[in-house]
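To start, the structure under review is shown below, and the notes come after it.
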Amino acid sequence: MAIALPSNDGTVAREITPELRAMQRRIRDLVAQKNAVILAHIYQRGEVQAVADFIGDSLNLSREAASTKADIIVFCGVHFMAETAKLLSPNKLVLLPDMKAGCGMADMITGDQAREFKASHPGRPLVSYVNTFAEVKAESDICCTSTNAARVVQSLPDREVLFAPDRFLAAWVQKHTPDKKIIAFNGYCPTHFVIKPSMVEARKKLSPDALVLAHPECSPEVLEMADYVGSTQGLMDYAGKSDRREFIILTESGLLLRLRELYPEKRFVSIAPCPHCPYMKFVELEKVLACLENESNPIEIPTSIMLRARTSIERMMAVV
Ligand code: 13P
Ligand code: SF4
C-alpha cells in the first residue's frame with residue numbers, strides 16, 4: 001500500500017506514479033463496465049477526487065445520489081454520507097471503500113441519546129445535521145446540511161427547535177434565525193474543534209491581505225474572525241466569484257486541493273497545523289478499486305429505521 005504523506009503546505013499528497021495512474025484507469029474502466037458512478041466529497045484525497053464523476057459537498061452529493069441513473073454508487077466519503085445516498089436511492093448498490101470511514105461528530109449521538117434529548121424537551125421538533133447515523137435521522141423530524149441548516153430551521157412552524165449533534169453549527173444557525181430558540185445537543189466536529197483563534201491570528205499576520213473563509217463547524221470565536229462562512233461548496237463558490245487573490249481556508253485540507261485545482265491563479269492557505277479529517281482519509285485508491293471489483297462493503301439499513309430516516313431526509317430535500 002502506498003503511503004500518503006502530509007506535504008509541506010499541509011495537504012495530504014501522494015506521488016503520482018505510473019502504477020497509480022494505471023489504477024485510476026482500471027477504476028474508470030470498471031465504472032463504465034458496471035454502470036457505476038463515483039461520488040466524492042471535497043475532503044477526499046486528491047488522487048481519489050481525480051477518479052470521481054462528481055465532487056461536492058454533502059447536500060450536492062445527496063442530490064446526485066437521488067438522481068443518478070447508475071446501478072452502483074461508490075461513495076468516496078464517510079459512512080453517514082453513503083448511508084444518506086442509500087436512503088435516497090434504496091434500490092441501488094451503495095458501496096463505501098472503507099467501513100472505518102466514520103465521523104467523530106456522528107459518533108457523539110446514538111439513537112437512544114436522540115430519544116432522550118427529545119423526551120427531555122417534549123413538543124419540540126428535532127432537526128438533525130446530516131452528519132448522524134440513520135438511527136438518529138429516524139428519530140428526527142427533519143435533517144439539514146451546513147448549506148441549508150438556517151433555511152430548514154426557519155421552515156418549521158415552531159419557535160423552539162432541538163438541534164443535534166453540532167453545537168457550533170447550532171450557534172451559527174441561531175445567529176441567522178433570531179426569532180427561533182435553538183436548543184443544541186452537545187456535539188462538535190473534532191477536526192474543526194482544533195482550529196483556534198490564535199492560529200487564525202498567526203496566519204493573518206503572514207497573509208494580511210487574505211480573506212478568511214470558514215466552515216460553520218468551527219467554533220463561534222473562530223467564525224467571528226471570518227469574512228465569509230459557508231459549506232464546503234459555499235466556500236468554493238465564494239472564492240471563485242471573489243475578485244480577491246488570497247484566502248485563508250478554515251476547514252479540512254481537502255478543500256485546499258480542490259480550490260487550487262479550480263482556481264490556480266488564486267492563493268489558498270491554511271492555518272498551522274492544517275486540519276485533516278482522519279475518517280475522510282481512510283478512503284484510498286486501492287480500496288476504491290477493491291470495492292468496485294468485488295462489489296464489497298455495501299451499505300445496508302435495517303427496514304425498521306429506513307422509512308423514518310428517509311422521511312427526514314426527504315423533508316430536507318423538499319425545503320431546499
Ligand atoms: P459540507 O460538505 O456539507 O460542507 O459538510 C462538511 C462535513 O462535515 C463533511 O464531513
Ligand atoms: Fe465528521 Fe468532522 Fe470528519 Fe466531517 S470533518 S466527517 S464532521 S469528523
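Scheme for the C-alpha cells: letters A, B, ... for chains in order shown; per-chain residue numbers from 1; ligand numbers from 1 in order shown.
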Could you pull out the alpha helix (DSSP H) residues of region 3-173 of chain A, going by DSSP on the backbone, and write them as an mmCIF file with N, CA and C atoms, in the first residue's frame?
data_model
loop_
_atom_site.group_PDB
_atom_site.id
_atom_site.type_symbol
_atom_site.label_atom_id
_atom_site.label_comp_id
_atom_site.auth_asym_id
_atom_site.auth_seq_id
_atom_site.Cartn_x
_atom_site.Cartn_y
_atom_site.Cartn_z
ATOM 1 N N PRO A 18 3.368 5.792 -12.271
ATOM 2 C CA PRO A 18 2.674 5.071 -13.352
ATOM 3 C C PRO A 18 1.707 4.023 -12.796
ATOM 4 N N GLU A 19 2.062 3.386 -11.667
ATOM 5 C CA GLU A 19 1.176 2.371 -11.060
ATOM 6 C C GLU A 19 -0.133 3.022 -10.615
ATOM 7 N N LEU A 20 0.009 4.197 -10.021
ATOM 8 C CA LEU A 20 -1.187 4.883 -9.538
ATOM 9 C C LEU A 20 -2.075 5.308 -10.713
ATOM 10 N N ARG A 21 -1.450 5.778 -11.783
ATOM 11 C CA ARG A 21 -2.224 6.156 -12.978
ATOM 12 C C ARG A 21 -2.945 4.942 -13.546
ATOM 13 N N ALA A 22 -2.254 3.806 -13.558
ATOM 14 C CA ALA A 22 -2.871 2.570 -14.086
ATOM 15 C C ALA A 22 -4.070 2.177 -13.218
ATOM 16 N N MET A 23 -3.921 2.366 -11.920
ATOM 17 C CA MET A 23 -5.038 2.038 -11.016
ATOM 18 C C MET A 23 -6.232 2.962 -11.287
ATOM 19 N N GLN A 24 -5.934 4.218 -11.525
ATOM 20 C CA GLN A 24 -7.023 5.162 -11.827
ATOM 21 C C GLN A 24 -7.738 4.768 -13.121
ATOM 22 N N ARG A 25 -6.951 4.317 -14.122
ATOM 23 C CA ARG A 25 -7.571 3.908 -15.396
ATOM 24 C C ARG A 25 -8.439 2.666 -15.187
ATOM 25 N N ARG A 26 -7.931 1.724 -14.392
ATOM 26 C CA ARG A 26 -8.670 0.481 -14.112
ATOM 27 C C ARG A 26 -10.003 0.808 -13.417
ATOM 28 N N ILE A 27 -9.952 1.759 -12.501
ATOM 29 C CA ILE A 27 -11.180 2.175 -11.800
ATOM 30 C C ILE A 27 -12.178 2.748 -12.799
ATOM 31 N N ARG A 28 -11.694 3.620 -13.679
ATOM 32 C CA ARG A 28 -12.614 4.236 -14.645
ATOM 33 C C ARG A 28 -13.174 3.197 -15.613
ATOM 34 N N ASP A 29 -12.371 2.195 -15.985
ATOM 35 C CA ASP A 29 -12.882 1.127 -16.861
ATOM 36 C C ASP A 29 -14.009 0.371 -16.164
ATOM 37 N N LEU A 30 -13.794 0.052 -14.888
ATOM 38 C CA LEU A 30 -14.812 -0.691 -14.132
ATOM 39 C C LEU A 30 -16.093 0.126 -13.956
ATOM 40 N N VAL A 31 -15.920 1.420 -13.762
ATOM 41 C CA VAL A 31 -17.094 2.302 -13.624
ATOM 42 C C VAL A 31 -17.955 2.182 -14.881
ATOM 43 N N ALA A 32 -17.296 2.203 -16.051
ATOM 44 C CA ALA A 32 -18.036 2.118 -17.311
ATOM 45 C C ALA A 32 -18.667 0.731 -17.472
ATOM 46 N N GLN A 33 -17.884 -0.324 -17.211
ATOM 47 C CA GLN A 33 -18.403 -1.697 -17.381
ATOM 48 C C GLN A 33 -19.596 -1.985 -16.500
ATOM 49 N N GLY A 46 -6.583 13.868 -3.046
ATOM 50 C CA GLY A 46 -6.535 14.371 -4.417
ATOM 51 C C GLY A 46 -6.668 13.282 -5.468
ATOM 52 N N GLU A 47 -5.969 12.161 -5.275
ATOM 53 C CA GLU A 47 -5.988 11.115 -6.310
ATOM 54 C C GLU A 47 -7.328 10.376 -6.340
ATOM 55 N N VAL A 48 -8.086 10.479 -5.251
ATOM 56 C CA VAL A 48 -9.439 9.903 -5.232
ATOM 57 C C VAL A 48 -10.401 10.877 -5.924
ATOM 58 N N GLN A 49 -10.277 12.155 -5.606
ATOM 59 C CA GLN A 49 -11.102 13.156 -6.306
ATOM 60 C C GLN A 49 -10.918 13.030 -7.823
ATOM 61 N N SER A 58 -21.974 17.865 1.082
ATOM 62 C CA SER A 58 -22.904 16.788 1.420
ATOM 63 C C SER A 58 -24.281 16.992 0.794
ATOM 64 N N LEU A 59 -24.720 18.237 0.633
ATOM 65 C CA LEU A 59 -26.042 18.442 0.027
ATOM 66 C C LEU A 59 -26.025 18.073 -1.463
ATOM 67 N N ASN A 60 -25.030 18.570 -2.185
ATOM 68 C CA ASN A 60 -24.983 18.265 -3.623
ATOM 69 C C ASN A 60 -24.733 16.781 -3.885
ATOM 70 N N LEU A 61 -23.983 16.137 -3.008
ATOM 71 C CA LEU A 61 -23.779 14.687 -3.166
ATOM 72 C C LEU A 61 -25.096 13.943 -2.961
ATOM 73 N N SER A 62 -25.906 14.411 -2.013
ATOM 74 C CA SER A 62 -27.216 13.782 -1.798
ATOM 75 C C SER A 62 -28.084 13.942 -3.040
ATOM 76 N N ARG A 63 -28.039 15.143 -3.617
ATOM 77 C CA ARG A 63 -28.837 15.382 -4.834
ATOM 78 C C ARG A 63 -28.388 14.445 -5.957
ATOM 79 N N GLU A 64 -27.088 14.298 -6.112
ATOM 80 C CA GLU A 64 -26.561 13.409 -7.155
ATOM 81 C C GLU A 64 -27.002 11.973 -6.907
ATOM 82 N N ALA A 65 -26.895 11.550 -5.641
ATOM 83 C CA ALA A 65 -27.255 10.172 -5.293
ATOM 84 C C ALA A 65 -28.732 9.920 -5.586
ATOM 85 N N ALA A 66 -29.563 10.940 -5.367
ATOM 86 C CA ALA A 66 -31.003 10.772 -5.575
ATOM 87 C C ALA A 66 -31.344 10.704 -7.060
ATOM 88 N N SER A 67 -30.541 11.343 -7.903
ATOM 89 C CA SER A 67 -30.938 11.458 -9.313
ATOM 90 C C SER A 67 -30.125 10.565 -10.256
ATOM 91 N N HIS A 79 -19.207 7.341 6.280
ATOM 92 C CA HIS A 79 -20.325 6.403 6.367
ATOM 93 C C HIS A 79 -21.691 7.088 6.325
ATOM 94 N N PHE A 80 -21.840 8.212 7.082
ATOM 95 C CA PHE A 80 -23.180 8.826 7.106
ATOM 96 C C PHE A 80 -23.576 9.345 5.723
ATOM 97 N N MET A 81 -22.604 9.717 4.913
ATOM 98 C CA MET A 81 -22.904 10.214 3.565
ATOM 99 C C MET A 81 -23.357 9.064 2.667
ATOM 100 N N ALA A 82 -22.651 7.932 2.795
ATOM 101 C CA ALA A 82 -23.046 6.759 1.999
ATOM 102 C C ALA A 82 -24.432 6.271 2.446
ATOM 103 N N GLU A 83 -24.682 6.349 3.746
ATOM 104 C CA GLU A 83 -25.999 5.948 4.261
ATOM 105 C C GLU A 83 -27.098 6.857 3.705
ATOM 106 N N THR A 84 -26.796 8.154 3.641
ATOM 107 C CA THR A 84 -27.778 9.105 3.095
ATOM 108 C C THR A 84 -28.052 8.786 1.621
ATOM 109 N N ALA A 85 -26.994 8.431 0.893
ATOM 110 C CA ALA A 85 -27.173 8.043 -0.517
ATOM 111 C C ALA A 85 -28.088 6.820 -0.610
ATOM 112 N N LYS A 86 -27.901 5.872 0.294
ATOM 113 C CA LYS A 86 -28.729 4.653 0.288
ATOM 114 C C LYS A 86 -30.185 4.999 0.633
ATOM 115 N N LEU A 87 -30.370 5.934 1.569
ATOM 116 C CA LEU A 87 -31.741 6.333 1.930
ATOM 117 C C LEU A 87 -32.445 6.952 0.723
ATOM 118 N N LEU A 88 -31.685 7.690 -0.077
ATOM 119 C CA LEU A 88 -32.291 8.377 -1.217
ATOM 120 C C LEU A 88 -32.395 7.477 -2.449
ATOM 121 N N GLY A 111 -29.018 6.672 18.680
ATOM 122 C CA GLY A 111 -30.482 6.714 18.614
ATOM 123 C C GLY A 111 -31.086 6.902 20.004
ATOM 124 N N ASP A 112 -30.543 6.197 20.995
ATOM 125 C CA ASP A 112 -31.055 6.324 22.376
ATOM 126 C C ASP A 112 -30.892 7.752 22.883
ATOM 127 N N GLN A 113 -29.720 8.327 22.604
ATOM 128 C CA GLN A 113 -29.478 9.707 23.080
ATOM 129 C C GLN A 113 -30.425 10.699 22.382
ATOM 130 N N ALA A 114 -30.703 10.441 21.098
ATOM 131 C CA ALA A 114 -31.639 11.314 20.380
ATOM 132 C C ALA A 114 -33.038 11.206 21.011
ATOM 133 N N ARG A 115 -33.424 9.983 21.373
ATOM 134 C CA ARG A 115 -34.739 9.799 22.016
ATOM 135 C C ARG A 115 -34.782 10.508 23.372
ATOM 136 N N GLU A 116 -33.680 10.399 24.131
ATOM 137 C CA GLU A 116 -33.620 11.073 25.453
ATOM 138 C C GLU A 116 -33.679 12.596 25.285
ATOM 139 N N PHE A 117 -32.961 13.089 24.284
ATOM 140 C CA PHE A 117 -32.927 14.538 24.011
ATOM 141 C C PHE A 117 -34.347 15.045 23.737
ATOM 142 N N LYS A 118 -35.079 14.284 22.913
ATOM 143 C CA LYS A 118 -36.453 14.689 22.597
ATOM 144 C C LYS A 118 -37.354 14.594 23.829
ATOM 145 N N ALA A 119 -37.158 13.486 24.591
ATOM 146 C CA ALA A 119 -38.022 13.272 25.760
ATOM 147 C C ALA A 119 -37.808 14.368 26.811
ATOM 148 N N ALA A 134 -28.172 6.747 10.551
ATOM 149 C CA ALA A 134 -29.569 6.638 10.100
ATOM 150 C C ALA A 134 -30.517 6.488 11.287
ATOM 151 N N GLU A 135 -30.040 5.830 12.346
ATOM 152 C CA GLU A 135 -30.884 5.626 13.520
ATOM 153 C C GLU A 135 -31.283 6.967 14.157
ATOM 154 N N VAL A 136 -30.371 7.933 14.111
ATOM 155 C CA VAL A 136 -30.677 9.262 14.653
ATOM 156 C C VAL A 136 -31.603 10.005 13.686
ATOM 157 N N LYS A 137 -31.339 9.845 12.396
ATOM 158 C CA LYS A 137 -32.218 10.500 11.406
ATOM 159 C C LYS A 137 -33.650 9.997 11.579
ATOM 160 N N ALA A 138 -33.776 8.701 11.908
ATOM 161 C CA ALA A 138 -35.117 8.120 12.076
ATOM 162 C C ALA A 138 -35.860 8.755 13.252
ATOM 163 N N GLU A 139 -35.128 9.280 14.216
ATOM 164 C CA GLU A 139 -35.752 9.929 15.380
ATOM 165 C C GLU A 139 -36.014 11.411 15.121
ATOM 166 N N ALA A 149 -29.033 24.628 6.766
ATOM 167 C CA ALA A 149 -29.462 24.487 8.166
ATOM 168 C C ALA A 149 -30.399 25.627 8.601
ATOM 169 N N ALA A 150 -30.029 26.873 8.292
ATOM 170 C CA ALA A 150 -30.860 28.003 8.738
ATOM 171 C C ALA A 150 -32.217 27.970 8.032
ATOM 172 N N ARG A 151 -32.196 27.637 6.744
ATOM 173 C CA ARG A 151 -33.463 27.577 5.999
ATOM 174 C C ARG A 151 -34.371 26.486 6.535
ATOM 175 N N VAL A 152 -33.779 25.336 6.883
ATOM 176 C CA VAL A 152 -34.569 24.223 7.431
ATOM 177 C C VAL A 152 -35.204 24.640 8.755
ATOM 178 N N VAL A 153 -34.408 25.242 9.641
ATOM 179 C CA VAL A 153 -34.947 25.677 10.949
ATOM 180 C C VAL A 153 -36.050 26.715 10.722
ATOM 181 N N GLN A 154 -35.810 27.640 9.824
ATOM 182 C CA GLN A 154 -36.799 28.684 9.543
ATOM 183 C C GLN A 154 -38.089 28.100 8.974
ATOM 184 N N SER A 155 -37.982 26.992 8.287
ATOM 185 C CA SER A 155 -39.173 26.415 7.642
ATOM 186 C C SER A 155 -40.148 25.804 8.660
ATOM 187 N N ARG A 167 -23.102 21.569 18.174
ATOM 188 C CA ARG A 167 -23.473 22.786 18.909
ATOM 189 C C ARG A 167 -22.908 24.049 18.240
ATOM 190 N N PHE A 168 -21.830 23.900 17.463
ATOM 191 C CA PHE A 168 -21.276 25.090 16.793
ATOM 192 C C PHE A 168 -22.150 25.490 15.598
ATOM 193 N N LEU A 169 -22.575 24.497 14.825
ATOM 194 C CA LEU A 169 -23.483 24.820 13.713
ATOM 195 C C LEU A 169 -24.791 25.373 14.288
ATOM 196 N N ALA A 170 -25.236 24.794 15.411
ATOM 197 C CA ALA A 170 -26.468 25.284 16.057
ATOM 198 C C ALA A 170 -26.324 26.765 16.418
ATOM 199 N N ALA A 171 -25.156 27.142 16.954
ATOM 200 C CA ALA A 171 -24.943 28.547 17.341
ATOM 201 C C ALA A 171 -24.947 29.451 16.107
ATOM 202 N N TRP A 172 -24.381 28.938 15.019
ATOM 203 C CA TRP A 172 -24.353 29.705 13.769
ATOM 204 C C TRP A 172 -25.780 29.896 13.229
ATOM 205 N N VAL A 173 -26.561 28.831 13.293
ATOM 206 C CA VAL A 173 -27.948 28.912 12.814
ATOM 207 C C VAL A 173 -28.741 29.873 13.711
#
Would you please extract all strand (DSSP E or B) residues from region 35-227 of chain A, as assigned by DSSP on the backbone, and give them as a PyMOL selection string?
-> chain A and resi 36-41+54-56+72-76+93-95+126-129+142-144+160-164+166+181-184+187+211-214
Contacts to ligand 2 at 8 Å cut-off (only C-alpha atoms and all ligand atoms) as a PyMOL selection string | chain A and resi 43+77-78+102-106+131+188-192+217+251-252+276-280
Which chains and residue numbers are within 6 Å of ligand 1, counting only C-alpha atoms and all ligand atoms, if I want them as a compact mmCIF listing (two decimals) with C-alpha atoms, in the first residue's frame?
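Saved the output as pocket-v4.txt:
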# COMPACT_ATOMS: atom_id res chain seq x y z
CA ASP A 57 -20.50 18.97 -0.51
CA SER A 58 -22.90 16.79 1.42
CA LEU A 59 -26.04 18.44 0.03
CA THR A 145 -26.74 20.13 5.93
CA SER A 146 -24.43 23.06 6.55
CA SER A 231 -20.48 24.91 3.50
CA THR A 232 -17.57 23.44 1.56
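Candidate residues A:Ile42, A:Ala52, A:Leu162, A:Leu223 were compared for distance to Leu285 (chain A), and the nearest is A:Ala52, using only C-alpha atoms.
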Which of these residues is nearest to Glu300 (chain A), using only C-alpha atoms: A:Ser89, A:Ser270, A:Gln174, A:Thr17?
-> A:Ser89
